[in-house]
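Note: the block below is start-v1.tsv and it holds TSV, C-alpha atoms.
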chain	number	residue	atom	x	y	z
A	223	MET	CA	-3.19	-55.55	-27.22
A	224	LYS	CA	-1.51	-57.83	-24.69
A	225	VAL	CA	0.56	-55.88	-22.15
A	226	THR	CA	2.98	-57.38	-19.60
A	227	ILE	CA	4.40	-55.52	-16.61
A	228	PHE	CA	7.74	-56.60	-15.15
A	229	GLN	CA	7.71	-55.58	-11.49
A	230	THR	CA	11.36	-56.24	-10.69
A	231	ASP	CA	13.60	-56.09	-7.65
A	232	VAL	CA	16.36	-53.94	-9.11
A	233	ARG	CA	19.91	-54.86	-8.08
A	234	TRP	CA	21.93	-51.76	-7.27
A	235	ALA	CA	24.47	-50.69	-9.93
A	236	ALA	CA	24.37	-54.11	-11.61
A	237	PRO	CA	23.22	-53.75	-15.23
A	238	ASP	CA	24.42	-57.21	-16.26
A	239	GLU	CA	22.53	-58.88	-13.42
A	240	ASN	CA	19.38	-56.84	-13.99
A	241	VAL	CA	19.39	-57.60	-17.70
A	242	ARG	CA	19.73	-61.33	-16.97
A	243	ASN	CA	16.82	-61.13	-14.54
A	244	VAL	CA	14.61	-59.39	-17.10
A	245	GLN	CA	15.62	-61.94	-19.74
A	246	ARG	CA	14.44	-64.68	-17.38
A	247	LEU	CA	11.08	-62.97	-16.89
A	248	PHE	CA	10.79	-62.35	-20.61
A	249	ALA	CA	11.37	-66.02	-21.45
A	250	ALA	CA	8.62	-67.03	-19.02
A	251	ASN	CA	6.15	-64.48	-20.39
A	252	ALA	CA	6.54	-64.60	-24.15
A	253	GLY	CA	3.85	-63.53	-26.57
A	254	SER	CA	2.85	-60.06	-25.40
A	255	ASP	CA	2.72	-57.01	-27.64
A	256	LEU	CA	4.13	-54.56	-25.08
A	257	TYR	CA	6.43	-55.04	-22.07
A	258	VAL	CA	6.94	-52.35	-19.43
A	259	LEU	CA	9.89	-52.12	-17.01
A	260	PRO	CA	10.45	-49.82	-14.00
A	261	GLU	CA	12.33	-46.55	-13.80
A	262	MET	CA	16.14	-46.98	-13.97
A	263	TRP	CA	15.55	-50.72	-14.21
A	264	ALA	CA	19.18	-51.58	-14.97
A	265	THR	CA	20.88	-49.72	-12.10
A	266	GLY	CA	18.43	-48.63	-9.43
A	267	PHE	CA	17.42	-45.02	-8.82
A	268	ALA	CA	20.47	-42.76	-8.43
A	269	THR	CA	20.64	-39.01	-8.00
A	270	THR	CA	24.47	-39.02	-8.05
A	271	PRO	CA	24.96	-40.83	-11.35
A	272	HIS	CA	28.68	-40.43	-11.96
A	273	GLU	CA	29.73	-43.95	-11.01
A	274	ILE	CA	26.83	-46.00	-12.34
A	275	ALA	CA	25.34	-44.23	-15.36
A	276	GLU	CA	25.59	-46.10	-18.64
A	277	ASN	CA	26.31	-44.55	-22.01
A	278	GLU	CA	23.72	-44.31	-24.77
A	279	ASP	CA	24.89	-47.64	-26.20
A	280	SER	CA	24.33	-49.42	-22.88
A	281	ILE	CA	23.92	-53.16	-22.42
A	282	ALA	CA	20.36	-52.56	-21.23
A	283	ARG	CA	19.36	-50.53	-24.26
A	284	ARG	CA	20.97	-53.07	-26.60
A	285	TRP	CA	18.99	-55.84	-24.93
A	286	MET	CA	15.74	-53.89	-25.33
A	287	GLU	CA	16.38	-53.42	-29.04
A	288	ARG	CA	17.39	-57.05	-29.64
A	289	ALA	CA	14.40	-58.40	-27.76
A	290	ALA	CA	11.93	-56.09	-29.50
A	291	ALA	CA	13.26	-57.12	-32.91
A	292	GLU	CA	13.39	-60.84	-32.12
A	293	HIS	CA	9.92	-61.03	-30.58
A	294	GLN	CA	8.20	-58.33	-32.68
A	295	CYS	CA	7.06	-56.43	-29.61
A	296	ALA	CA	7.50	-53.05	-27.94
A	297	ILE	CA	9.46	-52.55	-24.69
A	298	SER	CA	9.46	-49.46	-22.47
A	299	GLY	CA	11.49	-48.59	-19.38
A	300	SER	CA	13.90	-45.92	-18.21
A	301	LEU	CA	17.69	-46.01	-17.92
A	302	LEU	CA	20.24	-43.75	-16.26
A	303	ILE	CA	22.25	-42.43	-19.21
A	304	GLN	CA	25.26	-40.21	-19.72
A	305	THR	CA	24.74	-38.70	-23.16
A	306	SER	CA	27.38	-37.83	-25.71
A	307	ASP	CA	27.28	-34.18	-24.59
A	308	GLY	CA	28.22	-35.21	-21.06
A	309	THR	CA	24.85	-34.60	-19.41
A	310	TYR	CA	23.04	-37.24	-17.37
A	311	ARG	CA	19.46	-38.13	-18.22
A	312	ASN	CA	16.72	-40.26	-16.72
A	313	ARG	CA	15.75	-41.53	-20.15
A	314	GLN	CA	12.66	-43.59	-20.81
A	315	TYR	CA	12.96	-45.64	-23.98
A	316	PHE	CA	10.11	-46.96	-26.09
A	317	VAL	CA	11.61	-49.57	-28.39
A	318	THR	CA	9.83	-51.33	-31.25
A	319	PRO	CA	11.22	-53.65	-33.95
A	320	ASP	CA	11.60	-50.69	-36.31
A	321	ALA	CA	12.40	-47.69	-34.12
A	322	THR	CA	13.59	-46.38	-30.76
A	323	VAL	CA	12.15	-43.19	-29.30
A	324	PHE	CA	12.92	-41.74	-25.90
A	325	TYR	CA	11.57	-39.33	-23.32
A	326	ASP	CA	13.82	-37.55	-20.81
A	327	LYS	CA	12.09	-37.15	-17.45
A	328	HIS	CA	10.83	-33.59	-17.16
A	329	HIS	CA	9.92	-33.27	-13.50
A	330	LEU	CA	13.07	-34.17	-11.62
A	331	PHE	CA	12.59	-35.24	-8.00
A	332	THR	CA	14.04	-32.20	-6.25
A	333	TYR	CA	13.10	-33.56	-2.81
A	334	GLY	CA	15.63	-36.33	-3.46
A	335	HIS	CA	18.11	-33.99	-5.24
A	336	GLU	CA	17.67	-35.61	-8.65
A	337	ASP	CA	17.97	-32.13	-10.16
A	338	ARG	CA	21.55	-31.61	-8.91
A	339	TYR	CA	23.22	-33.80	-11.50
A	340	ILE	CA	20.54	-34.96	-13.93
A	341	THR	CA	19.29	-32.72	-16.73
A	342	ALA	CA	15.54	-32.45	-17.22
A	343	GLY	CA	13.88	-33.08	-20.55
A	344	ASP	CA	11.94	-30.24	-22.15
A	345	ARG	CA	9.48	-32.07	-24.39
A	346	SER	CA	6.66	-34.54	-23.98
A	347	VAL	CA	6.69	-37.70	-26.08
A	348	VAL	CA	3.89	-39.81	-27.52
A	349	ALA	CA	5.11	-43.11	-28.98
A	350	THR	CA	3.15	-45.18	-31.48
A	351	TRP	CA	2.83	-48.96	-31.64
A	352	GLN	CA	0.31	-51.09	-33.54
A	353	GLY	CA	-1.62	-47.97	-34.44
A	354	ARG	CA	-2.02	-46.88	-30.79
A	355	ARG	CA	-0.44	-43.91	-29.05
A	356	PHE	CA	1.34	-43.99	-25.67
A	357	LEU	CA	2.28	-40.96	-23.60
A	358	LEU	CA	5.54	-41.58	-21.73
A	359	LEU	CA	5.84	-40.40	-18.11
A	360	THR	CA	8.48	-41.17	-15.50
A	361	CYS	CA	7.68	-41.47	-11.78
A	362	TYR	CA	7.46	-37.92	-10.33
A	363	ASP	CA	5.83	-36.70	-13.58
A	364	LEU	CA	2.71	-38.48	-12.36
A	365	ARG	CA	2.06	-35.67	-9.86
A	366	PHE	CA	1.70	-32.97	-12.54
A	367	PRO	CA	-1.59	-33.24	-14.43
A	368	LEU	CA	-0.95	-30.36	-16.83
A	369	TRP	CA	2.15	-32.09	-18.20
A	370	ALA	CA	0.04	-35.13	-19.04
A	371	ARG	CA	-3.06	-33.33	-20.26
A	372	TYR	CA	-4.66	-34.95	-23.27
A	373	GLY	CA	-4.49	-32.57	-26.22
A	374	ARG	CA	-1.81	-30.31	-24.77
A	375	VAL	CA	0.80	-33.01	-25.42
A	376	GLY	CA	-1.05	-34.45	-28.38
A	377	GLU	CA	-3.64	-37.18	-28.54
A	378	TYR	CA	-2.99	-40.59	-27.03
A	379	ASP	CA	-4.73	-43.80	-25.98
A	380	ALA	CA	-2.67	-44.80	-22.96
A	381	ILE	CA	-0.14	-43.44	-20.48
A	382	ILE	CA	2.92	-45.47	-19.51
A	383	VAL	CA	4.38	-44.50	-16.13
A	384	VAL	CA	7.65	-46.17	-15.10
A	385	ALA	CA	8.58	-45.61	-11.48
A	386	ASN	CA	10.69	-46.12	-8.37
A	387	TRP	CA	7.82	-45.03	-6.11
A	388	PRO	CA	8.59	-45.65	-2.41
A	389	GLU	CA	6.29	-47.38	0.03
A	390	LYS	CA	5.99	-44.29	2.25
A	391	ARG	CA	4.05	-42.54	-0.55
A	392	GLN	CA	2.12	-45.57	-1.78
A	393	PRO	CA	-1.36	-44.05	-1.26
A	394	ALA	CA	-0.46	-41.25	-3.67
A	395	TRP	CA	0.62	-43.82	-6.28
A	396	ARG	CA	-2.80	-45.46	-6.21
A	397	ILE	CA	-4.73	-42.17	-6.31
A	398	LEU	CA	-2.68	-40.41	-8.97
A	399	THR	CA	-2.49	-43.32	-11.41
A	400	HIS	CA	-6.27	-43.61	-11.40
A	401	ALA	CA	-6.75	-39.84	-11.58
A	402	ARG	CA	-4.57	-39.50	-14.68
A	403	ALA	CA	-6.51	-42.31	-16.39
A	404	VAL	CA	-9.94	-40.88	-15.56
A	405	GLU	CA	-9.22	-37.23	-16.37
A	406	ASN	CA	-7.60	-38.10	-19.70
A	407	GLN	CA	-10.08	-40.90	-20.49
A	408	CYS	CA	-7.34	-43.39	-21.28
A	409	TYR	CA	-5.64	-46.54	-20.09
A	410	LEU	CA	-2.78	-46.10	-17.65
A	411	ILE	CA	0.03	-48.66	-17.33
A	412	GLY	CA	2.05	-48.07	-14.16
A	413	CYS	CA	5.18	-50.13	-13.52
A	414	ASN	CA	6.83	-49.73	-10.11
A	415	ARG	CA	9.78	-51.64	-8.68
A	416	VAL	CA	9.98	-53.70	-5.49
A	417	GLY	CA	12.81	-54.21	-3.02
A	418	ASP	CA	15.18	-51.83	-1.26
A	419	ASP	CA	17.98	-49.39	-1.94
A	420	GLU	CA	20.03	-47.25	0.45
A	421	PHE	CA	17.16	-44.83	1.04
A	422	CYS	CA	13.79	-46.47	0.43
A	423	HIS	CA	11.68	-49.57	0.45
A	424	TYR	CA	9.62	-50.11	-2.69
A	425	ARG	CA	6.34	-51.95	-2.41
A	426	GLY	CA	5.50	-52.30	-6.10
A	427	GLU	CA	1.76	-52.62	-6.62
A	428	SER	CA	2.18	-51.95	-10.32
A	429	LEU	CA	-1.14	-51.70	-12.08
A	430	VAL	CA	-3.18	-51.06	-15.16
A	431	CYS	CA	-6.36	-49.00	-14.88
A	432	GLY	CA	-8.96	-47.95	-17.38
A	433	PRO	CA	-10.64	-44.68	-18.34
A	434	GLN	CA	-13.48	-45.20	-15.85
A	435	GLY	CA	-11.13	-45.68	-12.89
A	436	VAL	CA	-11.39	-49.46	-12.72
A	437	THR	CA	-8.24	-51.41	-11.88
A	438	LEU	CA	-7.74	-54.03	-14.59
A	439	LEU	CA	-4.50	-55.55	-13.29
A	440	GLU	CA	-2.53	-55.20	-10.07
A	441	CYS	CA	0.76	-56.78	-9.08
A	442	ALA	CA	1.27	-58.03	-5.55
A	443	ALA	CA	2.97	-55.96	-2.88
A	444	ASP	CA	6.62	-56.74	-2.17
A	445	ALA	CA	6.87	-59.45	-4.81
A	446	GLU	CA	8.91	-59.58	-7.98
A	447	GLU	CA	6.55	-60.77	-10.67
A	448	ALA	CA	5.26	-60.39	-14.20
A	449	LYS	CA	1.58	-59.88	-14.94
A	450	THR	CA	-0.29	-59.62	-18.21
A	451	VAL	CA	-3.54	-57.97	-19.27
A	452	GLU	CA	-5.35	-57.58	-22.58
A	453	LEU	CA	-6.24	-53.99	-23.43
A	454	ASP	CA	-9.26	-53.47	-25.68
A	455	PHE	CA	-8.64	-50.23	-27.52
A	456	GLY	CA	-11.81	-50.65	-29.55
A	457	TRP	CA	-13.73	-50.50	-26.28
A	458	LEU	CA	-11.75	-47.37	-25.32
A	459	ASP	CA	-12.75	-45.73	-28.60
A	460	ASP	CA	-16.36	-46.60	-27.88
A	461	VAL	CA	-16.22	-45.15	-24.36
A	462	ARG	CA	-14.75	-41.92	-25.68
A	463	SER	CA	-17.31	-41.60	-28.46
A	464	ARG	CA	-20.31	-42.22	-26.17
A	465	PHE	CA	-19.18	-40.22	-23.11
A	466	ARG	CA	-17.38	-37.27	-24.66
A	467	VAL	CA	-15.57	-35.84	-21.64
A	468	LEU	CA	-12.52	-34.78	-23.63
A	469	ASP	CA	-14.64	-32.48	-25.80
A	470	ASP	CA	-15.36	-30.33	-22.73
A	471	ARG	CA	-11.86	-30.05	-21.32
A	472	ASP	CA	-10.53	-26.63	-20.34
A	473	GLY	CA	-8.35	-25.00	-22.97
A	474	LYS	CA	-9.63	-27.12	-25.85
A	475	GLU	CA	-10.25	-23.98	-27.89
A	476	VAL	CA	-6.51	-23.17	-27.79
A	477	GLY	CA	-5.23	-26.68	-28.28
A	478	VAL	CA	-4.85	-27.57	-24.60
Would you mind writing the file's structure down as structure tokens?
Amino acid sequence: MKVTIFQTDVRWAAPDENVRNVQRLFAANAGSDLYVLPEMWATGFATTPHEIAENEDSIARRWMERAAAEHQCAISGSLLIQTSDGTYRNRQYFVTPDATVFYDKHHLFTYGHEDRYITAGDRSVVATWQGRRFLLLTCYDLRFPLWARYGRVGEYDAIIVVANWPEKRQPAWRILTHARAVENQCYLIGCNRVGDDEFCHYRGESLVCGPQGVTLLECAADAEEAKTVELDFGWLDDVRSRFRVLDDRDGKEVGV
């Protein structure tokens, strides 16, 4: 499966401009099976969403659905959404030509007061595309291994993490992405933004790593770019069948 990461410099509160920028990257990187965008890729990361949140029928979501249908691909990334019940959600969409599923970020970033106005999701989500299963995580979720534990949330082949992960905590980004891949014996696709907002500088360094902890793709620091890697899920199946770490995980006897 060919996977492309869009490591973008997100323009603050400018969905139209951010959609145009992603369209430009998409046109220059056609032909992949899966495209991954950062957290809140259409607006920038906001913990006070009242002025910039989009509704569920946002321009960004509509673009994702049109592009997935036109190019017969899957697209994942999170948007800041005000739902029909009035709550705000950090909602990660996984869009395919035939369906749209979403995951609402569960671990809200209390250090940055994300929990004051945004409502946490209460369920994990595994999306399916081309016969493969993808666990959806959003930024701060990466720090909580039990939430991502293979088997507890279902079985999956890869984790997708979309993020606005600031430069000041960049070492943790590198360690935790690889740890989640190794302990769950899966691929991990991590898409982080670059650029600046009012509070943070974002270095990017988006990556894809494999079940043995090897980095398979890494985007440059401080550069908006798209990068593509081919994931061999047949090889992943072979690794899991030969080195059966997941059979010995804690809690397996009770479905964890």
Dump as JSON lines the rows for residues of range 335-439 of chain A within 8 Å of range 264-274 of chain A: closest atom pair and distance in Å with one decimal, all atoms listed in the file counted, ordered by chain and rising residue number.
{"residue": "A:His335", "atom": "CA", "partner": "A:Thr269", "partner_atom": "CA", "distance": 6.3}
{"residue": "A:Glu336", "atom": "CA", "partner": "A:Thr269", "partner_atom": "CA", "distance": 4.6}
{"residue": "A:Asp337", "atom": "CA", "partner": "A:Thr269", "partner_atom": "CA", "distance": 7.7}
{"residue": "A:Arg338", "atom": "CA", "partner": "A:Thr269", "partner_atom": "CA", "distance": 7.5}
{"residue": "A:Tyr339", "atom": "CA", "partner": "A:Thr270", "partner_atom": "CA", "distance": 6.4}
{"residue": "A:Ile340", "atom": "CA", "partner": "A:Thr269", "partner_atom": "CA", "distance": 7.2}
{"residue": "A:Asn386", "atom": "CA", "partner": "A:Phe267", "partner_atom": "CA", "distance": 6.8}
{"residue": "A:Asp419", "atom": "CA", "partner": "A:Gly266", "partner_atom": "CA", "distance": 7.5}
- Given the choices A:Asn312, A:Ser306, A:Thr318, A:Thr350, which gets closest to Glu292 in chain A if the distance is worked out from all atoms listed in the file? A:Thr318
- Counting all atoms listed in the file, which residues come within 10 Å of (-11.0, -40.4, -14.7), with the point read in the file's coordinates, and could you list them as a list in words? Thr399, His400, Ala401, Arg402, Ala403, Val404, Glu405, Asn406, Gln407, Cys408, Tyr409, Cys431, Gly432, Pro433, Gln434, Gly435, Val436 and Val467 of chain A
- Find, counting only C-alpha atoms, the residue in A:Ala291, A:Leu368, A:Met286, A:Leu256 that gets nearest to Asp472 in chain A.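 Going through A:Ala291, A:Leu368, A:Met286, A:Leu256 one by one, the smallest distance to Asp472 in chain A is for A:Leu368.
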- Message: Ranking A:Phe248, A:Phe455, A:Tyr333, A:Trp263 by minimum distance to Phe356 in chain A and counting only C-alpha atoms, which one comes first?
- Response: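 Using only C-alpha atoms, Phe356 in chain A sits closest to A:Phe455.
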- Write out as a list in words each polymer residue whose atoms come within 12 Å of Gln245 in chain A, counting all atoms listed in the file; drop sequence neighbours fewer than 2 positions from it.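 Surrounding residues, per the criterion: Phe228, Thr230, Asp238, Glu239, Asn240, Val241, Arg242, Asn243, Leu247, Phe248, Ala249, Ala250, Asn251, Ala252, Tyr257, Leu259, Ala264, Ala282, Trp285, Met286, Arg288, Ala289, Ala290 and Ala448 of chain A.
In terms of minimum interatomic distance to Arg345 in chain A, A:Phe324 ranks closest within A:Trp395, A:Phe324, A:Tyr310, A:Tyr315, counting only C-alpha atoms.
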- Query: Quick one, how far is CA of Leu330 in chain A from CA of Ala342 in chain A?
  - Reply: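 It comes out at 6.4 Å.
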- Task: Would you please work out which residue, of A:Ile303, A:Thr226, A:Leu364, A:Leu458, is nearest to Ala380 in chain A when using only C-alpha atoms?
- Result: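 Of A:Ile303, A:Thr226, A:Leu364, A:Leu458, the one nearest Ala380 in chain A is A:Leu458, counting only C-alpha atoms.
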- What is the CA of Gly417 in chain A to CA of Pro388 in chain A distance in Å?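 Going from CA of Gly417 in chain A over to CA of Pro388 in chain A covers 9.6 Å.
Interatomic distance, CA of Val451 in chain A to CA of Pro237 in chain A: 27.4 Å.
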Report, as JSON, the axis-aligned box around all atoms of range 453-456 of chain A present in the file, extended by 8 Å on each side; give centre and edge lengths in Å to one decimal place.
{"center_x": -9.0, "center_y": -52.1, "center_z": -26.5, "size_x": 21.6, "size_y": 19.8, "size_z": 22.1}
- Task: Pick out the residues sitting within 9 Å of Ile227 in chain A, and hand them over as a PyMOL selection string; count only C-alpha atoms, and ignore anything fewer than 3 positions along from it in its own chain.
- Result: chain A and resi 256-260+411-413+428-430+441+447-451
- Query: Which is closer to Arg425 in chain A than all the others in A:Leu398, A:Val317, A:Leu358, A:Ala385, using all atoms listed in the file?
  - Reply: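 Among A:Leu398, A:Val317, A:Leu358, A:Ala385, it is A:Ala385 that comes nearest to Arg425 in chain A.
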- Residues near Met223 in chain A, cut-off 8 Å, all atoms listed in the file, skip fewer than 5 positions along chain, as an MDAnalysis selection string: chainID A and resid 254:256 452:455
- Task: In the coordinates of the file, take the point (15.7, -33.9, -17.9) and a cut-off of 6 Å; then, counting all atoms listed in the file, name each qualifying protein, DNA or RNA residue as a VMD selection string.
- Result: chain A and resid 311 326 to 328 341 to 343
- Selection: 7 Å around Leu357 in chain A, all atoms listed in the file, excl. self and same-chain fewer than 2 positions, as a list in words: Val347, Val348, Ala349, Arg355, Leu359, Tyr378, Ala380, Ile381 and Ile382 of chain A
